[in-house]
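Colleague: input.txt is reproduced below (compact mmCIF, C-alpha atoms).
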# COMPACT_ATOMS: atom_id res chain seq x y z
CA MET A 1 17.40 23.52 -7.15
CA ALA A 2 13.76 24.33 -6.45
CA ARG A 3 12.22 25.16 -3.11
CA VAL A 4 9.07 23.17 -2.27
CA LYS A 5 6.81 22.84 0.74
CA ALA A 6 7.01 19.49 2.54
CA ALA A 7 6.00 17.79 5.80
CA VAL A 8 9.27 16.94 7.55
CA CYS A 9 9.79 14.44 10.37
CA HIS A 10 12.58 15.62 12.69
CA GLU A 11 11.83 13.29 15.61
CA PHE A 12 10.00 9.94 15.73
CA GLY A 13 6.58 10.15 17.33
CA LYS A 14 6.33 13.93 17.03
CA PRO A 15 4.11 16.00 14.70
CA LEU A 16 5.45 16.63 11.20
CA SER A 17 6.75 20.11 10.49
CA ILE A 18 5.50 21.98 7.41
CA GLU A 19 8.48 23.80 5.92
CA GLU A 20 10.28 24.63 2.70
CA VAL A 21 13.01 22.24 1.52
CA GLU A 22 15.29 22.01 -1.50
CA LEU A 23 14.55 19.61 -4.39
CA ARG A 24 17.12 19.18 -7.13
CA ALA A 25 16.26 18.75 -10.80
CA PRO A 26 15.93 15.22 -12.23
CA ILE A 27 19.11 13.55 -13.47
CA SER A 28 19.50 10.62 -15.86
CA GLY A 29 16.55 8.21 -15.67
CA GLU A 30 14.55 10.42 -13.31
CA VAL A 31 11.34 12.43 -13.61
CA GLU A 32 9.96 15.36 -11.67
CA VAL A 33 6.27 15.06 -10.78
CA THR A 34 4.24 17.95 -9.43
CA LEU A 35 1.75 16.26 -7.17
CA ALA A 36 -2.00 16.70 -7.11
CA ALA A 37 -2.67 14.19 -4.32
CA VAL A 38 -0.92 11.89 -1.84
CA ALA A 39 -2.71 9.39 0.38
CA ILE A 40 -1.72 8.61 3.95
CA CYS A 41 -0.72 4.98 4.38
CA HIS A 42 -0.25 3.28 7.75
CA SER A 43 3.31 2.52 6.65
CA ASP A 44 4.06 6.26 6.59
CA ILE A 45 2.66 6.54 10.10
CA SER A 46 4.65 3.55 11.35
CA TYR A 47 7.86 5.02 9.97
CA ALA A 48 7.12 8.45 11.47
CA ASP A 49 6.42 6.79 14.83
CA GLY A 50 9.78 4.99 14.70
CA ALA A 51 8.39 1.47 14.34
CA TRP A 52 11.05 0.47 11.81
CA GLY A 53 13.78 2.98 12.58
CA GLY A 54 15.34 4.92 9.72
CA SER A 55 17.21 8.11 8.93
CA LEU A 56 16.09 11.56 10.11
CA PRO A 57 15.13 14.21 9.18
CA ALA A 58 12.89 12.61 6.58
CA VAL A 59 9.98 13.26 4.24
CA TYR A 60 7.56 10.32 4.10
CA GLY A 61 4.67 9.72 1.68
CA HIS A 62 4.62 7.16 -1.11
CA GLU A 63 1.06 6.92 -2.46
CA ALA A 64 0.76 9.79 -4.93
CA ALA A 65 -0.43 11.06 -8.30
CA GLY A 66 0.38 14.13 -10.34
CA VAL A 67 1.78 15.45 -13.62
CA ILE A 68 5.33 15.15 -14.99
CA THR A 69 6.85 18.62 -15.09
CA ALA A 70 10.47 17.77 -16.03
CA THR A 71 12.58 14.78 -17.09
CA GLY A 72 16.26 13.92 -16.98
CA ASP A 73 18.21 12.28 -19.77
CA ASN A 74 17.49 8.69 -20.84
CA VAL A 75 13.83 8.72 -19.81
CA THR A 76 11.78 6.57 -22.17
CA GLY A 77 8.02 6.21 -22.52
CA HIS A 78 7.25 9.27 -20.38
CA LYS A 79 7.12 12.98 -21.18
CA VAL A 80 6.30 16.32 -19.63
CA GLY A 81 2.53 16.66 -19.24
CA ASP A 82 1.82 12.97 -18.65
CA LYS A 83 -0.54 12.26 -15.74
CA VAL A 84 1.01 9.54 -13.58
CA VAL A 85 0.84 7.53 -10.39
CA VAL A 86 4.00 7.65 -8.24
CA THR A 87 4.93 4.50 -6.30
CA LEU A 88 7.74 3.45 -3.98
CA ILE A 89 8.65 0.54 -6.30
CA ARG A 90 12.08 1.62 -7.53
CA ALA A 91 13.44 -1.14 -9.79
CA CYS A 92 16.81 -1.31 -11.49
CA GLY A 93 15.53 -3.73 -14.14
CA THR A 94 18.72 -5.83 -14.19
CA CYS A 95 19.25 -7.49 -10.79
CA PRO A 96 18.19 -11.14 -10.32
CA ALA A 97 14.84 -10.13 -8.79
CA CYS A 98 13.98 -7.68 -11.58
CA ALA A 99 15.14 -10.15 -14.24
CA ALA A 100 12.81 -12.74 -12.69
CA GLY A 101 9.83 -10.39 -13.00
CA THR A 102 9.64 -9.44 -9.30
CA PRO A 103 10.58 -5.75 -9.24
CA THR A 104 8.98 -5.15 -5.83
CA ILE A 105 11.97 -6.94 -4.28
CA CYS A 106 14.64 -5.30 -6.43
CA GLN A 107 18.03 -6.08 -4.92
CA THR A 108 19.73 -2.83 -5.94
CA ALA A 109 19.94 -0.69 -2.82
CA TYR A 110 18.82 2.94 -2.82
CA ASP A 111 20.17 5.45 -0.30
CA GLY A 112 17.50 8.03 0.44
CA ASP A 113 20.06 10.11 2.33
CA LYS A 114 21.67 10.86 -1.03
CA GLY A 115 18.45 11.48 -2.93
CA PRO A 116 17.11 14.71 -4.44
CA LEU A 117 16.04 16.33 -1.15
CA THR A 118 18.11 18.55 1.14
CA MET A 119 17.37 21.04 3.89
CA PRO A 120 17.62 24.73 2.91
CA ASP A 121 21.12 24.93 4.45
CA GLY A 122 22.28 22.02 2.28
CA SER A 123 22.22 19.41 5.06
CA LYS A 124 20.82 15.91 4.69
CA LEU A 125 17.09 15.26 4.23
CA HIS A 126 16.09 11.62 3.78
CA GLN A 127 13.79 10.78 0.84
CA ALA A 128 11.81 8.04 2.57
CA MET A 129 10.76 4.98 0.57
CA ALA A 130 12.43 6.54 -2.52
CA CYS A 131 9.47 8.94 -2.78
CA GLY A 132 9.23 11.69 -0.19
CA ALA A 133 5.71 12.44 -1.42
CA PHE A 134 4.47 14.45 1.57
CA ALA A 135 5.62 17.39 -0.55
CA GLU A 136 4.36 19.53 -3.40
CA THR A 137 6.81 17.97 -5.91
CA VAL A 138 8.91 14.80 -6.09
CA VAL A 139 11.84 13.58 -8.17
CA VAL A 140 11.79 9.80 -8.62
CA ASP A 141 13.20 7.11 -10.88
CA GLN A 142 11.20 6.47 -14.04
CA SER A 143 10.54 2.89 -12.87
CA GLN A 144 8.36 4.30 -10.08
CA ILE A 145 5.65 5.83 -12.27
CA ALA A 146 2.78 4.61 -14.44
CA GLU A 147 0.65 6.72 -16.77
CA ILE A 148 -3.05 6.97 -16.04
CA PRO A 149 -6.01 8.34 -18.06
CA GLU A 150 -6.12 12.13 -18.28
CA ASP A 151 -9.70 12.27 -17.01
CA MET A 152 -9.05 10.11 -13.94
CA SER A 153 -9.27 11.87 -10.59
CA SER A 154 -5.82 12.26 -9.01
CA THR A 155 -7.36 11.80 -5.57
CA CYS A 156 -8.56 8.32 -6.54
CA ALA A 157 -5.54 7.55 -8.71
CA SER A 158 -3.13 8.10 -5.81
CA LEU A 159 -4.57 5.00 -4.13
CA LEU A 160 -3.27 2.88 -7.01
CA ALA A 161 0.27 3.60 -5.80
CA CYS A 162 0.07 1.42 -2.69
CA GLY A 163 -3.15 0.40 -0.93
CA VAL A 164 -4.96 -0.86 -4.01
CA ILE A 165 -2.06 -2.61 -5.71
CA THR A 166 -0.99 -4.16 -2.39
CA GLY A 167 -4.42 -5.64 -1.68
CA VAL A 168 -5.52 -6.63 -5.17
CA GLY A 169 -2.02 -7.78 -6.10
CA ALA A 170 -1.75 -10.00 -3.02
CA VAL A 171 -4.76 -11.93 -4.33
CA VAL A 172 -4.02 -12.15 -8.04
CA ASN A 173 -0.21 -12.23 -7.96
CA ALA A 174 0.89 -13.68 -4.62
CA ALA A 175 -2.01 -16.05 -3.90
CA GLN A 176 -2.66 -16.66 -7.62
CA LEU A 177 -6.28 -17.20 -6.71
CA ARG A 178 -8.34 -19.06 -9.26
CA ALA A 179 -12.06 -18.66 -9.78
CA GLY A 180 -14.16 -20.72 -7.39
CA GLN A 181 -11.73 -20.74 -4.47
CA ASP A 182 -12.55 -19.50 -0.96
CA VAL A 183 -10.82 -16.57 0.74
CA VAL A 184 -10.47 -15.15 4.25
CA VAL A 185 -9.20 -11.59 4.63
CA ILE A 186 -8.02 -10.65 8.12
CA GLY A 187 -8.39 -6.91 8.53
CA ALA A 188 -10.96 -4.76 6.71
CA GLY A 189 -8.95 -1.55 6.57
CA GLY A 190 -7.63 0.12 3.43
CA VAL A 191 -5.49 -2.79 2.22
CA GLY A 192 -7.98 -5.41 3.42
CA LEU A 193 -10.85 -3.86 1.46
CA ASN A 194 -8.70 -4.00 -1.65
CA ALA A 195 -7.84 -7.64 -1.02
CA ILE A 196 -11.57 -8.27 -0.71
CA GLN A 197 -12.38 -6.58 -4.00
CA GLY A 198 -9.38 -8.30 -5.57
CA ALA A 199 -10.86 -11.65 -4.53
CA ARG A 200 -14.23 -10.60 -5.97
CA ILE A 201 -12.63 -9.59 -9.27
CA ALA A 202 -10.68 -12.87 -9.37
CA GLY A 203 -13.90 -14.87 -9.04
CA ALA A 204 -13.69 -16.15 -5.47
CA ARG A 205 -16.59 -18.34 -4.42
CA ARG A 206 -16.84 -17.04 -0.83
CA ILE A 207 -15.00 -14.15 0.80
CA VAL A 208 -14.98 -13.92 4.60
CA ALA A 209 -13.85 -10.65 6.17
CA VAL A 210 -12.50 -10.78 9.73
CA ASP A 211 -12.18 -7.58 11.75
CA MET A 212 -12.55 -6.17 15.26
CA SER A 213 -15.24 -3.71 14.11
CA GLU A 214 -18.81 -4.57 13.16
CA GLU A 215 -18.94 -1.34 11.14
CA LYS A 216 -15.91 -2.35 9.07
CA LEU A 217 -17.44 -5.74 8.39
CA GLU A 218 -20.48 -4.01 6.91
CA VAL A 219 -18.24 -1.88 4.69
CA ALA A 220 -16.37 -5.04 3.65
CA LYS A 221 -19.60 -6.46 2.25
CA GLU A 222 -19.94 -3.38 0.05
CA PHE A 223 -16.55 -4.27 -1.45
CA GLY A 224 -17.43 -7.92 -2.08
CA ALA A 225 -17.22 -9.87 1.19
CA THR A 226 -19.93 -12.53 1.34
CA HIS A 227 -19.59 -13.00 5.11
CA GLY A 228 -18.21 -11.11 8.09
CA VAL A 229 -16.75 -12.50 11.33
CA LEU A 230 -15.81 -10.49 14.41
CA ALA A 231 -12.24 -11.18 15.46
CA THR A 232 -13.33 -10.65 19.07
CA GLU A 233 -15.37 -13.86 19.00
CA ASP A 234 -14.00 -16.91 20.77
CA LYS A 235 -12.07 -18.84 18.11
CA PRO A 236 -13.44 -16.78 15.18
CA TRP A 237 -11.99 -19.22 12.65
CA ARG A 238 -14.81 -21.61 13.57
CA ALA A 239 -17.41 -19.10 12.40
CA ALA A 240 -15.34 -18.47 9.27
CA LYS A 241 -15.17 -22.19 8.48
CA ASP A 242 -18.92 -22.50 9.00
CA ALA A 243 -19.38 -19.75 6.41
CA LEU A 244 -17.06 -21.64 4.07
CA GLY A 245 -19.14 -24.81 4.18
CA GLY A 246 -17.18 -26.51 6.95
CA ARG A 247 -13.68 -26.24 5.47
CA GLY A 248 -10.96 -23.64 5.64
CA ALA A 249 -9.94 -21.08 3.05
CA ASP A 250 -7.76 -21.68 0.02
CA ALA A 251 -6.13 -18.32 0.72
CA VAL A 252 -5.94 -16.37 3.98
CA LEU A 253 -4.65 -12.83 3.55
CA VAL A 254 -3.32 -11.10 6.67
CA THR A 255 -3.58 -7.40 5.86
CA VAL A 256 -2.92 -5.95 9.33
CA GLY A 257 0.54 -5.48 10.82
CA ALA A 258 -0.18 -7.25 14.10
CA ALA A 259 1.54 -10.39 15.40
CA PRO A 260 -1.68 -11.77 16.99
CA ALA A 261 -3.37 -11.71 13.58
CA TYR A 262 -0.51 -13.78 12.17
CA ASP A 263 -0.70 -16.18 15.14
CA ALA A 264 -4.37 -16.85 14.39
CA ALA A 265 -4.19 -16.97 10.59
CA PRO A 266 -3.27 -20.68 10.11
CA ASN A 267 -6.45 -21.68 11.92
CA TYR A 268 -8.48 -20.38 8.95
CA LEU A 269 -6.60 -22.41 6.31
CA ALA A 270 -7.89 -25.38 4.34
CA TYR A 271 -5.62 -28.30 3.56
CA GLY A 272 -3.27 -27.04 0.87
CA GLY A 273 -4.16 -23.44 1.67
CA LYS A 274 -1.85 -20.43 1.41
CA MET A 275 -1.30 -17.80 4.08
CA ILE A 276 -0.42 -14.53 2.33
CA MET A 277 1.59 -12.24 4.59
CA VAL A 278 0.78 -8.63 3.65
CA GLY A 279 0.63 -6.52 6.82
CA MET A 280 3.94 -5.34 8.32
CA PRO A 281 4.27 -5.70 12.12
CA HIS A 282 6.71 -3.49 13.98
CA THR A 283 10.36 -4.52 14.13
CA GLY A 284 10.85 -7.27 16.73
CA ALA A 285 7.25 -8.57 16.62
CA VAL A 286 7.32 -12.38 16.49
CA SER A 287 4.75 -15.05 15.64
CA THR A 288 5.15 -18.78 16.33
CA TYR A 289 3.94 -21.74 14.27
CA GLU A 290 4.04 -25.51 14.45
CA ALA A 291 5.95 -26.34 11.28
CA ALA A 292 4.70 -29.92 11.24
CA ASN A 293 1.13 -28.74 10.81
CA PHE A 294 2.05 -26.89 7.60
CA ALA A 295 4.07 -29.79 6.26
CA ALA A 296 1.45 -32.43 7.08
CA VAL A 297 -1.33 -30.83 5.05
CA GLY A 298 0.64 -29.02 2.35
CA GLN A 299 0.02 -25.48 3.55
CA SER A 300 2.33 -22.53 2.83
CA MET A 301 3.27 -19.06 4.00
CA ILE A 302 3.95 -16.50 1.27
CA GLY A 303 5.27 -12.99 1.78
CA SER A 304 3.77 -10.35 -0.49
CA LYS A 305 5.41 -6.94 -0.83
CA MET A 306 3.33 -4.31 -2.63
CA GLY A 307 1.15 -7.05 -4.09
CA ASP A 308 4.06 -8.42 -6.15
CA VAL A 309 3.00 -5.94 -8.84
CA VAL A 310 4.76 -5.04 -12.05
CA VAL A 311 4.07 -1.29 -12.24
CA PRO A 312 3.64 -0.84 -16.03
CA ARG A 313 1.51 -4.00 -16.25
CA ASP A 314 -0.74 -3.85 -13.20
CA ILE A 315 -1.49 -0.16 -12.60
CA PRO A 316 -2.93 0.48 -16.11
CA TRP A 317 -4.99 -2.70 -15.76
CA MET A 318 -6.44 -1.54 -12.45
CA ALA A 319 -7.09 1.95 -13.83
CA ASP A 320 -9.09 0.29 -16.63
CA LEU A 321 -11.10 -1.72 -14.08
CA TYR A 322 -11.91 1.52 -12.27
CA GLU A 323 -13.08 3.23 -15.44
CA GLN A 324 -15.27 0.19 -16.19
CA GLY A 325 -16.84 0.45 -12.73
CA ARG A 326 -15.39 -2.88 -11.58
CA LEU A 327 -12.81 -1.53 -9.09
CA LYS A 328 -13.94 0.77 -6.29
CA LEU A 329 -11.66 3.76 -5.64
CA ASP A 330 -13.95 6.70 -4.86
CA GLU A 331 -15.50 4.68 -2.04
CA LEU A 332 -12.07 4.24 -0.41
CA VAL A 333 -11.53 7.96 0.17
CA SER A 334 -12.69 8.86 3.67
CA GLY A 335 -11.63 12.49 3.57
CA THR A 336 -9.44 15.06 1.85
CA TRP A 337 -7.04 17.43 3.60
CA THR A 338 -4.45 20.08 2.77
CA LEU A 339 -0.74 19.58 3.40
CA ASP A 340 -0.98 22.05 6.29
CA GLN A 341 -3.54 19.70 7.86
CA ILE A 342 -1.41 16.56 7.57
CA ASN A 343 -1.02 16.03 11.32
CA GLU A 344 -4.80 16.16 11.75
CA ALA A 345 -5.18 13.73 8.84
CA ILE A 346 -2.66 11.35 10.44
CA ALA A 347 -4.47 11.54 13.78
CA ASP A 348 -7.75 10.74 12.04
CA THR A 349 -6.12 7.78 10.28
CA LYS A 350 -4.82 6.46 13.60
CA THR A 351 -8.37 6.19 14.95
CA GLY A 352 -8.84 3.21 12.61
CA THR A 353 -12.11 4.53 11.23
CA ALA A 354 -10.73 5.94 7.96
CA LYS A 355 -10.29 3.84 4.86
CA ARG A 356 -7.89 6.33 3.21
CA ASN A 357 -7.28 9.99 3.95
CA VAL A 358 -5.81 11.95 1.04
CA ILE A 359 -3.78 15.16 1.01
CA VAL A 360 -4.87 17.26 -1.97
CA PHE A 361 -2.59 19.99 -3.32
Turn the structure described in the file into structure tokens.
Modeller:
Amino acid sequence: MARVKAAVCHEFGKPLSIEEVELRAPISGEVEVTLAAVAICHSDISYADGAWGGSLPAVYGHEAAGVITATGDNVTGHKVGDKVVVTLIRACGTCPACAAGTPTICQTAYDGDKGPLTMPDGSKLHQAMACGAFAETVVVDQSQIAEIPEDMSSTCASLLACGVITGVGAVVNAAQLRAGQDVVVIGAGGVGLNAIQGARIAGARRIVAVDMSEEKLEVAKEFGATHGVLATEDKPWRAAKDALGGRGADAVLVTVGAAPAYDAAPNYLAYGGKMIMVGMPHTGAVSTYEAANFAAVGQSMIGSKMGDVVVPRDIPWMADLYEQGRLKLDELVSGTWTLDQINEAIADTKTGTAKRNVIVF
């Protein structure tokens, strides 16, 4: 057992507590990663606020990068000293979903209550999202990591663990966008900006960003949006369709976890268009659709978890794009904070003005 500093959630909706916890050594198939950086995702905040329930006490955090400092038995392709990204995508490799090439929806359950973390007195401490990365060190399954270039900044690399792969992957994997198609991205936050640059990389003809903030729409254009539409307009899909030459979008990506955004999304679709459902509303939030409208014009709704990525395939590819200057990562970092400042960093993230705040160790 090792003692590490972590931000612990003891009660939903309350500030996280910085304290020392116990972390066991990696067992078969696991690696220990000493973290250099972990980004704050809105999913961490939603969990800590109790939006989706869950076990307490818990350590959240799932968007991290660091260096492997120990391995268990039967670890292949990774060694001590490797610089890696740590994701929440824990995949068994053998269930029907993994065998079909969709590890983000692995069907083998993982119980974070029985993971590598415990309180100092030996009592339960939940390893949230199979990561528990709001801590100095993590122990995770080898399926959850991908090696990155040694000279790549860990602060930027941490974003490849969730926000970037979720947004870019939703475009290239879930929507399977082809060059020349038109895209609408609802929400120009961290994931939305990555969906926008994913559409740019994929060769979209026009990319319309939709957001409540004029400032965010300007930032969206820096990431590749060709047009911006304020969601506060009356029937904003009309302005979006005008920008798209009078028709709807081939792909509409909903990157915010808000039911009203999902209610509005079909209005932006072209005949045959796909609505890609990325943002995660709180438990119990409901949207309503007229099924006949989808059937009549061949439209579809597609759920996309973590961009449908395959970790060893997609993260190295995106790291290469970054090194070539084709994928923006540095521009996504709004600020850096210490672990002791995590509650301030979360509060800043909640204002909606930050793209990504990163805890740096």
Colleague: Expressed in Å to a single decimal, how great is the separation between CA of Ala347 in chain A and CA of Pro15 in chain A?
Modeller: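 These atoms are spaced 9.7 Å apart.
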Colleague: Restricting the calculation to all atoms listed in the file: of A:Gly190, A:Gly272, A:Gly245, A:Pro26, which residue gets closest to Thr353 in chain A?
Modeller: A:Gly190
Colleague: Using all atoms listed in the file, which residue out of A:Ala7, A:Ala175, A:Cys162, A:Ala70 lies closest to Thr87 in chain A?
Modeller: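 Using all atoms listed in the file, Thr87 in chain A sits closest to A:Cys162.
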Colleague: Using only C-alpha atoms, I'd like a table of the residues in range 171-202 of chain A that come within 8 Å of range 219-236 of chain A; for each, show the closest atom pair and its distance in Å rounded to one decimal, ordered by chain and ascending number, as JSON lines.
Modeller:
{"residue": "A:Ala188", "atom": "CA", "partner": "A:Ala220", "partner_atom": "CA", "distance": 6.2}
{"residue": "A:Leu193", "atom": "CA", "partner": "A:Ala220", "partner_atom": "CA", "distance": 6.1}
{"residue": "A:Asn194", "atom": "CA", "partner": "A:Phe223", "partner_atom": "CA", "distance": 7.9}
{"residue": "A:Ile196", "atom": "CA", "partner": "A:Gly224", "partner_atom": "CA", "distance": 6.0}
{"residue": "A:Gln197", "atom": "CA", "partner": "A:Phe223", "partner_atom": "CA", "distance": 5.4}
{"residue": "A:Ala199", "atom": "CA", "partner": "A:Gly224", "partner_atom": "CA", "distance": 7.9}
{"residue": "A:Arg200", "atom": "CA", "partner": "A:Gly224", "partner_atom": "CA", "distance": 5.7}
Colleague: For CA of Ile165 in chain A and CA of Cys92 in chain A, determine how far apart the two atoms are, in Å to one decimal place.
Modeller: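 That distance, rounded to one decimal, is 19.8 Å.
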Colleague: List the spatial neighbours of Ser123 in chain A as a CSV table (one decimal) with C-alpha atoms, keeping the file's coordinate frame - criterion: any atom at most 12 Å away, only C-alpha atoms, same-chain residues fewer than 2 positions off excluded.
Modeller:
chain,number,residue,atom,x,y,z
A,21,VAL,CA,13.0,22.2,1.5
A,22,GLU,CA,15.3,22.0,-1.5
A,56,LEU,CA,16.1,11.6,10.1
A,57,PRO,CA,15.1,14.2,9.2
A,58,ALA,CA,12.9,12.6,6.6
A,113,ASP,CA,20.1,10.1,2.3
A,114,LYS,CA,21.7,10.9,-1.0
A,115,GLY,CA,18.4,11.5,-2.9
A,116,PRO,CA,17.1,14.7,-4.4
A,117,LEU,CA,16.0,16.3,-1.2
A,118,THR,CA,18.1,18.6,1.1
A,119,MET,CA,17.4,21.0,3.9
A,120,PRO,CA,17.6,24.7,2.9
A,121,ASP,CA,21.1,24.9,4.4
A,125,LEU,CA,17.1,15.3,4.2
A,126,HIS,CA,16.1,11.6,3.8
Colleague: In Å to one decimal, how far is CA of Met280 in chain A from CA of Val183 in chain A?
Modeller: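 Here the two named atoms are 20.0 Å from each other.
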Colleague: Fewer than 2 positions away in the same chain doesn't count, so skip those; otherwise give me all residues within 7 Å of Val358 in chain A, counting all atoms listed in the file, as a compact mmCIF listing (two decimals) with C-alpha atoms, keeping the file's coordinate frame.
Modeller:
# COMPACT_ATOMS: atom_id res chain seq x y z
CA ALA A 37 -2.67 14.19 -4.32
CA VAL A 38 -0.92 11.89 -1.84
CA ALA A 39 -2.71 9.39 0.38
CA ILE A 40 -1.72 8.61 3.95
CA THR A 155 -7.36 11.80 -5.57
CA GLY A 335 -11.63 12.49 3.57
CA THR A 336 -9.44 15.06 1.85
CA TRP A 337 -7.04 17.43 3.60
CA ARG A 356 -7.89 6.33 3.21
CA VAL A 360 -4.87 17.26 -1.97
Colleague: Determine, counting only C-alpha atoms, which protein, DNA and RNA residues have an atom within 9 Å of an atom of Ala251 in chain A; residues of the same chain fewer than 2 positions away are not included. Present the result as a VMD selection string.
Modeller: chain A and resid 171 175 177 181 to 185 248 to 249 253 268 to 270 273 to 276
Colleague: Looking at A:Pro266, A:Leu159, A:Ala209, A:Lys241, which one is nearest to Glu331 in chain A, with distances taken over all atoms listed in the file?
Modeller: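 Among the listed residues, A:Leu159 lies closest to Glu331 in chain A.
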Colleague: Pick out the residues sitting within 8 Å of Ala25 in chain A, and hand them over as an MDAnalysis selection string; count all atoms listed in the file, and ignore anything fewer than 5 positions along from it in its own chain.
Modeller: chainID A and resid 1:2 32 70 72 116 139
Colleague: Take the selection from the previous step and output its residues with C-alpha atoms, as a tab-separated table (two decimals), in the coordinates of the input.
Modeller:
chain	number	residue	atom	x	y	z
A	1	MET	CA	17.40	23.52	-7.15
A	2	ALA	CA	13.76	24.33	-6.45
A	32	GLU	CA	9.96	15.36	-11.67
A	70	ALA	CA	10.47	17.77	-16.03
A	72	GLY	CA	16.26	13.92	-16.98
A	116	PRO	CA	17.11	14.71	-4.44
A	139	VAL	CA	11.84	13.58	-8.17
Colleague: Write out as an mmCIF file with C-alpha atoms, in the frame of the given file each polymer residue whose atoms come within 10 Å of Gly284 in chain A, counting all atoms listed in the file; drop sequence neighbours fewer than 5 positions from it.
Modeller:
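Output file out.cif follows:
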data_model
loop_
_atom_site.group_PDB
_atom_site.id
_atom_site.type_symbol
_atom_site.label_atom_id
_atom_site.label_comp_id
_atom_site.auth_asym_id
_atom_site.auth_seq_id
_atom_site.Cartn_x
_atom_site.Cartn_y
_atom_site.Cartn_z
ATOM 1 C CA ALA A 51 8.390 1.470 14.340
ATOM 2 C CA TRP A 52 11.050 0.470 11.810
ATOM 3 C CA ALA A 259 1.540 -10.390 15.400
#
Colleague: For Gln144 in chain A, which residue among A:His62, A:Lys79, A:Arg205, A:Lys124 is the nearest when counting all atoms listed in the file?
Modeller: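 Smallest distance to Gln144 in chain A is found for A:His62.
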